[in-house]
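**Student:** Got a structure here, written out as structure tokens. Questions coming.
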Amino acid sequence: MNLDVARNLDAKDPLASFRERFDVPANTRYFDGNSLGVLSHAVRDRVNQTLNNEWGADLITSWNKHGWIDLPLRVGDKIGALIGAAPGQTLCVDSISVNLFKALCAVLQLQPDRQEILSTEDNFPTDLYMVQGLNALLGSRCRLRLVPENELVDAINTDTAAVLVTEVNFRTGRKLDIAALTTQAHQQGALMIVDLAHSAGAMPVQVDQDGVDFAVGCTYKYLNAGPGAPAFIYVASRWLAHLQQQPLQPLYGWLGHADPFAFSPTYQGADTIRQFMVGTSPIVSLAAVDAAVDIFSATNMQVIRDKSLALGDFWLQCMDDAQLLQEMSCISPQQKEERGSQISFTHPEAYAICQALIDRGVVADFRAPQYLRIGFAPLYNTFTEVAEAVNILADIITTQAHLAPQYQTRNTVT
Ligand SMILES: *Cc1c(COP(=O)(O)O)cnc(C)c1O
């Protein structure tokens with residue numbers, strides 16, 4: 001019955017035509033776009049073109065001829081358009097971890113009298129590790145304070161140099177109110193660093209309007225740019241203005257120099273977002289990001305958000321109809337407005353269930369200690385595959401198929 005409802009919803013879906021732009025493998029219902037987005041034809045073509053026509057044929061001249069040298073800035077601006085950033089503030093470069101290091105150094109420099117980086121206990125580990133690494137380097141000049149997510153607003157005080165949050169929690173899928181947190185941070189004189197790993201490409205983001213100071217995010221999740229494709233960093237223009245006096249981050253790479261090709265022995269940072277560049281970009285991957293973000297220009301983030309929430313609601317409804325919610329309880333917010341683009345469930349056998357699902361063509365993922373995550377990528381997921389996936393899940397649970405020994409041993413990457 002839910003399959004009929006699903007077909008109806010698919011027929012009315014304004015994003016239905018996007019699915020054919022992606023190479024979803026046959027017999028695969030892919031609900032892991034929150035970890036690694038699906039390959040699109042545009043990205044495949046662009047990578048081929050970069051390999052054959054640019055690197056292959058034009059070799060070194062491509063830095064000028066194909067504009068490789070400015071690609072981090074051009075792609076950065078396209079990502080900026082998806083996160084509410086006016087041009088000149090976003091750069092496509094490095095990984096989230098490295099970009100966070102730069103942002104953390106910048107806030108400590110801009111706030112010489114404050115030492116505390118305030119974050120949430122269950123923030124994504126790399127975000128917390130980067131602060132711990134800085135603490136190992138700088139001692140009391142950089143301290144990490146962690147509080148539960150629901151105590152964050154009240155924990156911001158006049159010792160806080162910056163609040164470091166991920167907009168959407170990677171385990172629970174809970175979405176924070178970035179505008180409200182930023183207002184509160186600013187009232188206490190603290191700056192705001194936001195990790196958009198689970199936001200960019202999944203929902204509207206308004207970094208300029210919300211007054212966010214620094215943001216980072218990756219391109220291999222909802223932006224579908226491929227494994228390890230470069231991440232991005234956003235620096236609000238009011239902080240970029242400080243670059244005229246001094247660099248804001250200590251990774252003095254040659255490509256962040258004001259004039260890299262002067263090859264001067266002395267560093268002088270560029271006074272634009274380019275100062276946040278360090279070394280040579282992975283051009284093949286960066287070209288993939290360029291093509292991947294172009295796909296979004298044919299729609300808008302609100303349409304994507306609406307479908308994302310509808311897919312999530314429909315998944316929950318199908319689970320409810322199959323009486324699966326008693327078996328696996330949902331740890332994501334009940335109110336859909338408080339959710340990102342994923343729904344998570346808890347079950348002692350979550351790992352084995354996830355493996356059994358994958359064996360039956362439903363790709364989800366597992367996060368320790370016992371969460372099953374279902375990610376919704378509105379550009380290629382359909383309501384029909386939601387109904388099919390929940391039917392398969394119901395079958396696994398009823399037959400206890402997940403208890404088979406082959407599903408019990410863990411792989412390195414979960
Ligand atoms: C995926 C993810 C990362 C990944 O960081 P990289 O350095 O790009 O590997 C960081 N933070 C969050 C919140 C994530 O979800």
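If you're wondering about the labels, chains in the structure tokens are A, B, ... by order shown, residues count from 1 in each chain, ligands from 1 in order shown.
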Which residues are close to stretch 323-338 of chain A, i.e. within 9 Å by only C-alpha atoms, leaving aside same-chain residues fewer than 3 positions away? Reply as a list in words.

**Tutor:**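 Answer for this query is Arg171, Thr172, Gly173, Arg174, Lys175, Leu176, Asp177, Leu309, Ala310, Gly312, Asp313, Leu316, Cys318, Met319, Asp320, Gln342, Ile343, Ser344, Phe345, Thr346, His347, Pro348, Ala350, Tyr371, Val390, Leu393, Ala394 and Ile397 of chain A.
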
**Student:** Within 8 Å of ligand 1, counting only C-alpha atoms and all ligand atoms: which residues, as an MDAnalysis selection string?

**Tutor:** chainID A and resid 35 94:99 123:127 166 168:170 195:198 217:218 221 228 230:231

**Student:** Pull N, CA and C atoms from the residues just selected and write them as an mmCIF file, in the first residue's frame.

**Tutor:**
data_model
loop_
_atom_site.group_PDB
_atom_site.id
_atom_site.type_symbol
_atom_site.label_atom_id
_atom_site.label_comp_id
_atom_site.auth_asym_id
_atom_site.auth_seq_id
_atom_site.Cartn_x
_atom_site.Cartn_y
_atom_site.Cartn_z
ATOM 1 N N SER A 35 27.079 10.552 3.821
ATOM 2 C CA SER A 35 28.481 10.165 4.014
ATOM 3 C C SER A 35 29.275 10.325 2.723
ATOM 4 N N ASP A 94 41.466 22.179 0.760
ATOM 5 C CA ASP A 94 41.835 21.321 1.905
ATOM 6 C C ASP A 94 40.663 20.475 2.427
ATOM 7 N N SER A 95 40.783 20.014 3.668
ATOM 8 C CA SER A 95 39.715 19.219 4.285
ATOM 9 C C SER A 95 39.030 20.068 5.347
ATOM 10 N N ILE A 96 37.924 19.604 5.874
ATOM 11 C CA ILE A 96 37.271 20.327 6.975
ATOM 12 C C ILE A 96 38.254 20.494 8.125
ATOM 13 N N SER A 97 38.957 19.408 8.464
ATOM 14 C CA SER A 97 39.854 19.448 9.620
ATOM 15 C C SER A 97 40.884 20.570 9.477
ATOM 16 N N VAL A 98 41.527 20.630 8.319
ATOM 17 C CA VAL A 98 42.566 21.647 8.113
ATOM 18 C C VAL A 98 41.935 23.048 8.084
ATOM 19 N N ASN A 99 40.789 23.159 7.458
ATOM 20 C CA ASN A 99 40.128 24.474 7.416
ATOM 21 C C ASN A 99 39.700 24.925 8.814
ATOM 22 N N ASN A 123 29.853 16.797 19.377
ATOM 23 C CA ASN A 123 30.240 17.330 18.072
ATOM 24 C C ASN A 123 31.069 16.262 17.351
ATOM 25 N N PHE A 124 31.204 16.396 16.062
ATOM 26 C CA PHE A 124 31.995 15.434 15.289
ATOM 27 C C PHE A 124 33.427 15.429 15.829
ATOM 28 N N PRO A 125 33.990 14.248 16.084
ATOM 29 C CA PRO A 125 35.289 14.193 16.765
ATOM 30 C C PRO A 125 36.381 15.054 16.142
ATOM 31 N N THR A 126 36.521 15.067 14.821
ATOM 32 C CA THR A 126 37.649 15.826 14.256
ATOM 33 C C THR A 126 37.573 17.296 14.670
ATOM 34 N N ASP A 127 36.368 17.820 14.799
ATOM 35 C CA ASP A 127 36.213 19.222 15.191
ATOM 36 C C ASP A 127 36.807 19.447 16.583
ATOM 37 N N THR A 166 28.524 22.189 14.935
ATOM 38 C CA THR A 166 28.100 21.614 13.666
ATOM 39 C C THR A 166 26.598 21.824 13.604
ATOM 40 N N VAL A 168 24.186 20.387 11.971
ATOM 41 C CA VAL A 168 23.382 19.172 12.102
ATOM 42 C C VAL A 168 24.234 18.082 12.755
ATOM 43 N N ASN A 169 23.778 17.577 13.872
ATOM 44 C CA ASN A 169 24.508 16.550 14.614
ATOM 45 C C ASN A 169 24.628 15.267 13.790
ATOM 46 N N PHE A 170 25.855 14.751 13.662
ATOM 47 C CA PHE A 170 26.057 13.601 12.766
ATOM 48 C C PHE A 170 25.434 12.317 13.304
ATOM 49 N N ASP A 195 30.263 24.369 11.422
ATOM 50 C CA ASP A 195 30.595 23.274 10.514
ATOM 51 C C ASP A 195 29.310 22.901 9.762
ATOM 52 N N LEU A 196 29.384 23.034 8.448
ATOM 53 C CA LEU A 196 28.206 22.809 7.598
ATOM 54 C C LEU A 196 28.265 21.463 6.876
ATOM 55 N N ALA A 197 29.032 20.509 7.441
ATOM 56 C CA ALA A 197 29.218 19.213 6.764
ATOM 57 C C ALA A 197 27.895 18.572 6.362
ATOM 58 N N HIS A 198 26.891 18.670 7.241
ATOM 59 C CA HIS A 198 25.605 18.021 6.954
ATOM 60 C C HIS A 198 24.528 19.024 6.533
ATOM 61 N N GLY A 217 32.976 23.240 5.630
ATOM 62 C CA GLY A 217 32.062 22.166 5.219
ATOM 63 C C GLY A 217 32.747 21.325 4.165
ATOM 64 N N CYS A 218 32.171 20.165 3.886
ATOM 65 C CA CYS A 218 32.803 19.294 2.896
ATOM 66 C C CYS A 218 31.934 19.200 1.657
ATOM 67 N N LYS A 221 29.740 14.906 0.736
ATOM 68 C CA LYS A 221 28.482 14.396 1.276
ATOM 69 C C LYS A 221 27.344 14.847 0.349
ATOM 70 N N GLY A 228 36.894 12.395 -0.835
ATOM 71 C CA GLY A 228 38.057 13.231 -0.548
ATOM 72 C C GLY A 228 38.143 14.507 -1.361
ATOM 73 N N PRO A 230 37.945 18.388 -2.269
ATOM 74 C CA PRO A 230 38.288 19.447 -1.318
ATOM 75 C C PRO A 230 37.076 20.055 -0.621
ATOM 76 N N ALA A 231 37.303 20.490 0.593
ATOM 77 C CA ALA A 231 36.275 21.079 1.445
ATOM 78 C C ALA A 231 36.188 22.585 1.170
#

**Student:** As a CSV table (one decimal) with N, CA, C and O atoms, in the first residue's frame, which residues of stretch 62-145 of chain A does DSSP assign to strand (DSSP E or B)?

**Tutor:**
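Output saved as states.csv:
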chain,number,residue,atom,x,y,z
A,90,THR,N,34.4,32.7,0.2
A,90,THR,CA,34.4,31.3,0.3
A,90,THR,C,35.5,30.7,-0.6
A,90,THR,O,35.6,31.2,-1.7
A,91,LEU,N,36.2,29.7,-0.1
A,91,LEU,CA,37.3,29.1,-0.8
A,91,LEU,C,37.2,27.6,-0.8
A,91,LEU,O,36.8,27.1,0.3
A,92,CYS,N,37.4,26.9,-1.9
A,92,CYS,CA,37.2,25.5,-2.0
A,92,CYS,C,38.6,24.9,-1.8
A,92,CYS,O,39.4,25.0,-2.8
A,116,GLU,N,38.9,30.5,25.4
A,116,GLU,CA,38.0,29.3,25.4
A,116,GLU,C,37.3,29.1,24.0
A,116,GLU,O,36.7,30.0,23.5
A,117,ILE,N,37.4,27.8,23.6
A,117,ILE,CA,36.6,27.4,22.4
A,117,ILE,C,35.5,26.5,23.0
A,117,ILE,O,35.7,25.5,23.7
A,118,LEU,N,34.3,27.0,22.9
A,118,LEU,CA,33.1,26.3,23.4
A,118,LEU,C,32.4,25.4,22.4
A,118,LEU,O,32.1,25.9,21.3
A,119,SER,N,32.3,24.1,22.7
A,119,SER,CA,31.6,23.3,21.7
A,119,SER,C,30.7,22.3,22.5
A,119,SER,O,30.6,22.3,23.7
A,120,THR,N,30.1,21.4,21.7
A,120,THR,CA,29.2,20.4,22.3
A,120,THR,C,29.9,19.0,22.4
A,120,THR,O,30.7,18.7,21.6
A,143,ARG,N,41.8,26.8,25.1
A,143,ARG,CA,41.2,25.7,25.9
A,143,ARG,C,39.8,25.3,25.3
A,143,ARG,O,39.1,26.1,24.8
A,144,LEU,N,39.6,24.0,25.4
A,144,LEU,CA,38.3,23.5,24.9
A,144,LEU,C,37.3,23.2,26.0
A,144,LEU,O,37.7,22.6,27.0
A,145,ARG,N,36.1,23.8,25.9
A,145,ARG,CA,35.1,23.5,26.9
A,145,ARG,C,33.9,22.8,26.2
A,145,ARG,O,33.4,23.4,25.2

**Student:** With distances taken over only C-alpha atoms, which of A:Gln406, A:Thr382, A:Gln355, A:Thr412 is nearest to A:Leu3?

**Tutor:**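 That would be A:Thr382, the residue with the smallest distance to A:Leu3.
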
**Student:** Of the candidates A:Leu181, A:Val278, A:Ala262, A:Val284, which shows the shortest atom-to-atom distance to A:Gly226, using only C-alpha atoms?

**Tutor:**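 Using only C-alpha atoms, the shortest distance to A:Gly226 belongs to A:Val284.
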
**Student:** Could you name the residues that touch A:Thr160 at 9 Å or less, counting only C-alpha atoms, but leaving out those on the same chain fewer than 5 positions away, as a list in words?

**Tutor:**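 Skipping anything fewer than 5 positions along the chain leaves Arg114, Gln115, Glu116, Ile117, Leu118, Ala155, Ala185, Gln188, Gly189, Ala190 and Leu191 of chain A.
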
**Student:** Dump N, CA, C and O atoms for the selected residues as a PDB file, in the first residue's frame?

**Tutor:**
ATOM      1  N   ARG A 114      40.782  36.202  25.022  1.00  0.00           N
ATOM      2  CA  ARG A 114      39.901  35.064  25.337  1.00  0.00           C
ATOM      3  C   ARG A 114      40.566  33.769  24.894  1.00  0.00           C
ATOM      4  O   ARG A 114      41.196  33.718  23.849  1.00  0.00           O
ATOM      5  N   GLN A 115      40.392  32.729  25.702  1.00  0.00           N
ATOM      6  CA  GLN A 115      41.085  31.462  25.432  1.00  0.00           C
ATOM      7  C   GLN A 115      40.151  30.306  25.140  1.00  0.00           C
ATOM      8  O   GLN A 115      40.581  29.250  24.726  1.00  0.00           O
ATOM      9  N   GLU A 116      38.857  30.496  25.391  1.00  0.00           N
ATOM     10  CA  GLU A 116      37.982  29.328  25.389  1.00  0.00           C
ATOM     11  C   GLU A 116      37.288  29.090  24.048  1.00  0.00           C
ATOM     12  O   GLU A 116      36.677  29.990  23.484  1.00  0.00           O
ATOM     13  N   ILE A 117      37.400  27.843  23.566  1.00  0.00           N
ATOM     14  CA  ILE A 117      36.590  27.411  22.427  1.00  0.00           C
ATOM     15  C   ILE A 117      35.485  26.547  23.025  1.00  0.00           C
ATOM     16  O   ILE A 117      35.747  25.522  23.654  1.00  0.00           O
ATOM     17  N   LEU A 118      34.263  26.987  22.853  1.00  0.00           N
ATOM     18  CA  LEU A 118      33.120  26.293  23.449  1.00  0.00           C
ATOM     19  C   LEU A 118      32.439  25.436  22.382  1.00  0.00           C
ATOM     20  O   LEU A 118      32.102  25.927  21.302  1.00  0.00           O
ATOM     21  N   ALA A 155      25.754  28.474  28.018  1.00  0.00           N
ATOM     22  CA  ALA A 155      27.160  28.314  28.424  1.00  0.00           C
ATOM     23  C   ALA A 155      28.073  29.385  27.825  1.00  0.00           C
ATOM     24  O   ALA A 155      29.206  29.561  28.264  1.00  0.00           O
ATOM     25  N   ALA A 185      26.083  34.365  20.830  1.00  0.00           N
ATOM     26  CA  ALA A 185      27.552  34.424  20.869  1.00  0.00           C
ATOM     27  C   ALA A 185      28.010  35.878  20.756  1.00  0.00           C
ATOM     28  O   ALA A 185      28.830  36.355  21.551  1.00  0.00           O
ATOM     29  N   GLN A 188      27.759  38.053  23.749  1.00  0.00           N
ATOM     30  CA  GLN A 188      28.800  37.816  24.754  1.00  0.00           C
ATOM     31  C   GLN A 188      30.189  38.158  24.199  1.00  0.00           C
ATOM     32  O   GLN A 188      31.200  37.832  24.818  1.00  0.00           O
ATOM     33  N   GLY A 189      30.239  38.730  23.016  1.00  0.00           N
ATOM     34  CA  GLY A 189      31.532  39.097  22.418  1.00  0.00           C
ATOM     35  C   GLY A 189      32.293  37.913  21.850  1.00  0.00           C
ATOM     36  O   GLY A 189      33.487  37.999  21.576  1.00  0.00           O
ATOM     37  N   ALA A 190      31.609  36.784  21.675  1.00  0.00           N
ATOM     38  CA  ALA A 190      32.271  35.595  21.118  1.00  0.00           C
ATOM     39  C   ALA A 190      32.017  35.516  19.616  1.00  0.00           C
ATOM     40  O   ALA A 190      31.023  36.055  19.113  1.00  0.00           O
ATOM     41  N   LEU A 191      32.906  34.833  18.912  1.00  0.00           N
ATOM     42  CA  LEU A 191      32.716  34.628  17.476  1.00  0.00           C
ATOM     43  C   LEU A 191      32.072  33.255  17.250  1.00  0.00           C
ATOM     44  O   LEU A 191      32.024  32.420  18.139  1.00  0.00           O
TER      45      LEU A 191
END

**Student:** Between A:Asn411, A:Lys65, A:Gly340, A:Ser264, single out the one closest to A:Asn53, counting only C-alpha atoms.

**Tutor:**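 Ranking A:Asn411, A:Lys65, A:Gly340, A:Ser264 by distance to A:Asn53, first place goes to A:Lys65.
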
**Student:** Quote the spacing between atom CA of A:Phe276 and atom CA of A:Leu59 in Å to one decimal place.

**Tutor:** 26.1 Å

**Student:** Once DSSP has gone over the backbone, tell me which residues of stretch 82-192 of chain A are in helix (DSSP H, G or I), as a compact mmCIF listing (two decimals) with N, CA and C atoms, in the first residue's frame.

**Tutor:**
# COMPACT_ATOMS: atom_id res chain seq x y z
N LEU A 82 25.43 28.68 -2.42
CA LEU A 82 24.56 27.67 -1.81
C LEU A 82 24.43 27.83 -0.30
N ILE A 96 37.92 19.60 5.87
CA ILE A 96 37.27 20.33 6.97
C ILE A 96 38.25 20.49 8.13
N SER A 97 38.96 19.41 8.46
CA SER A 97 39.85 19.45 9.62
C SER A 97 40.88 20.57 9.48
N VAL A 98 41.53 20.63 8.32
CA VAL A 98 42.57 21.65 8.11
C VAL A 98 41.94 23.05 8.08
N ASN A 99 40.79 23.16 7.46
CA ASN A 99 40.13 24.47 7.42
C ASN A 99 39.70 24.92 8.81
N LEU A 100 39.31 23.97 9.65
CA LEU A 100 38.95 24.32 11.02
C LEU A 100 40.16 24.83 11.78
N PHE A 101 41.30 24.19 11.55
CA PHE A 101 42.53 24.64 12.19
C PHE A 101 42.77 26.11 11.86
N LYS A 102 42.60 26.45 10.59
CA LYS A 102 42.80 27.85 10.17
C LYS A 102 41.79 28.77 10.85
N ALA A 103 40.53 28.34 10.87
CA ALA A 103 39.48 29.19 11.46
C ALA A 103 39.73 29.37 12.97
N LEU A 104 40.14 28.29 13.64
CA LEU A 104 40.39 28.37 15.09
C LEU A 104 41.55 29.32 15.36
N CYS A 105 42.59 29.21 14.56
CA CYS A 105 43.74 30.13 14.74
C CYS A 105 43.29 31.57 14.52
N ALA A 106 42.44 31.77 13.54
CA ALA A 106 41.97 33.14 13.24
C ALA A 106 41.18 33.70 14.42
N VAL A 107 40.27 32.92 15.00
CA VAL A 107 39.48 33.48 16.11
C VAL A 107 40.35 33.77 17.32
N LEU A 108 41.35 32.91 17.56
CA LEU A 108 42.22 33.16 18.72
C LEU A 108 43.02 34.44 18.50
N GLN A 109 43.39 34.66 17.25
CA GLN A 109 44.13 35.88 16.94
C GLN A 109 43.26 37.13 17.04
N LEU A 110 42.01 36.98 16.63
CA LEU A 110 41.09 38.13 16.68
C LEU A 110 40.60 38.41 18.10
N PRO A 125 33.99 14.25 16.08
CA PRO A 125 35.29 14.19 16.77
C PRO A 125 36.38 15.05 16.14
N THR A 126 36.52 15.07 14.82
CA THR A 126 37.65 15.83 14.26
C THR A 126 37.57 17.30 14.67
N ASP A 127 36.37 17.82 14.80
CA ASP A 127 36.21 19.22 15.19
C ASP A 127 36.81 19.45 16.58
N LEU A 128 36.56 18.47 17.47
CA LEU A 128 37.07 18.58 18.84
C LEU A 128 38.57 18.29 18.87
N TYR A 129 39.01 17.34 18.05
CA TYR A 129 40.43 17.01 18.03
C TYR A 129 41.27 18.22 17.58
N MET A 130 40.76 18.98 16.62
CA MET A 130 41.56 20.11 16.13
C MET A 130 41.79 21.12 17.26
N VAL A 131 40.80 21.29 18.13
CA VAL A 131 40.98 22.20 19.27
C VAL A 131 41.98 21.59 20.26
N GLN A 132 41.87 20.27 20.47
CA GLN A 132 42.79 19.61 21.40
C GLN A 132 44.23 19.71 20.89
N GLY A 133 44.41 19.60 19.58
CA GLY A 133 45.75 19.73 19.01
C GLY A 133 46.30 21.14 19.21
N LEU A 134 45.45 22.13 19.05
CA LEU A 134 45.88 23.51 19.28
C LEU A 134 46.22 23.74 20.75
N ASN A 135 45.44 23.10 21.62
CA ASN A 135 45.73 23.21 23.05
C ASN A 135 47.11 22.59 23.36
N ALA A 136 47.43 21.46 22.69
CA ALA A 136 48.74 20.84 22.90
C ALA A 136 49.85 21.77 22.44
N LEU A 137 49.57 22.54 21.39
CA LEU A 137 50.57 23.46 20.84
C LEU A 137 50.67 24.75 21.65
N LEU A 138 49.51 25.28 22.04
CA LEU A 138 49.47 26.64 22.62
C LEU A 138 49.24 26.66 24.13
N GLY A 139 48.95 25.52 24.71
CA GLY A 139 48.69 25.48 26.15
C GLY A 139 47.45 26.29 26.50
N SER A 140 47.54 27.07 27.59
CA SER A 140 46.35 27.76 28.10
C SER A 140 45.82 28.83 27.13
N ARG A 141 46.59 29.12 26.09
CA ARG A 141 46.12 30.12 25.11
C ARG A 141 44.90 29.60 24.35
N GLU A 149 24.52 19.58 24.17
CA GLU A 149 23.96 20.43 23.12
C GLU A 149 22.88 21.38 23.65
N ASN A 150 22.02 20.86 24.55
CA ASN A 150 20.90 21.70 25.03
C ASN A 150 21.33 22.75 26.06
N GLU A 151 22.59 22.72 26.47
CA GLU A 151 23.07 23.74 27.42
C GLU A 151 23.96 24.77 26.75
N LEU A 152 24.13 24.62 25.43
CA LEU A 152 25.12 25.45 24.73
C LEU A 152 24.82 26.95 24.85
N VAL A 153 23.58 27.34 24.55
CA VAL A 153 23.25 28.78 24.53
C VAL A 153 23.63 29.44 25.85
N ASP A 154 23.29 28.79 26.95
CA ASP A 154 23.53 29.39 28.26
C ASP A 154 24.99 29.33 28.68
N ALA A 155 25.75 28.47 28.02
CA ALA A 155 27.16 28.31 28.42
C ALA A 155 28.07 29.38 27.83
N ILE A 178 21.17 28.20 14.13
CA ILE A 178 22.43 28.93 13.97
C ILE A 178 22.24 30.44 14.16
N ALA A 179 21.11 30.97 13.66
CA ALA A 179 20.88 32.41 13.80
C ALA A 179 20.81 32.79 15.28
N ALA A 180 20.07 32.01 16.07
CA ALA A 180 19.91 32.33 17.49
C ALA A 180 21.23 32.16 18.24
N LEU A 181 21.97 31.08 17.94
CA LEU A 181 23.25 30.86 18.61
C LEU A 181 24.25 31.97 18.29
N THR A 182 24.22 32.40 17.03
CA THR A 182 25.16 33.45 16.61
C THR A 182 24.84 34.76 17.33
N THR A 183 23.56 35.08 17.43
CA THR A 183 23.16 36.29 18.14
C THR A 183 23.65 36.24 19.59
N GLN A 184 23.43 35.07 20.22
CA GLN A 184 23.85 34.92 21.61
C GLN A 184 25.37 35.02 21.75
N ALA A 185 26.08 34.37 20.83
CA ALA A 185 27.55 34.42 20.87
C ALA A 185 28.01 35.88 20.76
N HIS A 186 27.46 36.59 19.81
CA HIS A 186 27.89 37.98 19.58
C HIS A 186 27.56 38.87 20.78
N GLN A 187 26.41 38.58 21.43
CA GLN A 187 26.07 39.38 22.62
C GLN A 187 27.12 39.23 23.71

**Student:** Nearest to A:Gln268: which of A:Ala387, A:Ala202, A:Ala161, A:Leu248 is it, counting only C-alpha atoms?

**Tutor:**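 Going through A:Ala387, A:Ala202, A:Ala161, A:Leu248 one by one, the smallest distance to A:Gln268 is for A:Leu248.
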
**Student:** Near A:Ser281, counting only C-alpha atoms, which residues have an atom at most 12 Å away, once you skip same-chain residues fewer than 6 positions from it, shown as a list of chain:residue names?

**Tutor:**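 The residues satisfying every condition are A:Trp63, A:Trp68, A:Ile69, A:Asp70, A:Leu71, A:Pro72, A:Leu73, A:Val75, A:Leu91, A:Cys92, A:Val93, A:Asp94, A:Ser95, A:Ala229, A:Pro230, A:Ala231, A:Gly253, A:Trp254, A:Leu255, A:Gly256, A:Ala287, A:Val289.
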
**Student:** Choose the residue, out of A:Gly88, A:Met301, A:Cys354, A:Asn381, that has the smallest atom-to-atom separation from A:Trp239; count only C-alpha atoms.

**Tutor:**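 The closest residue to A:Trp239 is A:Gly88.
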
**Student:** Report the distance between atom CA of A:Asn300 and atom CA of A:Gly37 in Å, rounded to one decimal place.

**Tutor:**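 If I compute the distance from atom CA of A:Asn300 to atom CA of A:Gly37, I get 18.0 Å.
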
**Student:** What does the distance between atom CA of A:Ala241 and atom CA of A:Thr272 come to in Å, to one decimal place?

**Tutor:**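 If I compute the distance from atom CA of A:Ala241 to atom CA of A:Thr272, I get 7.9 Å.
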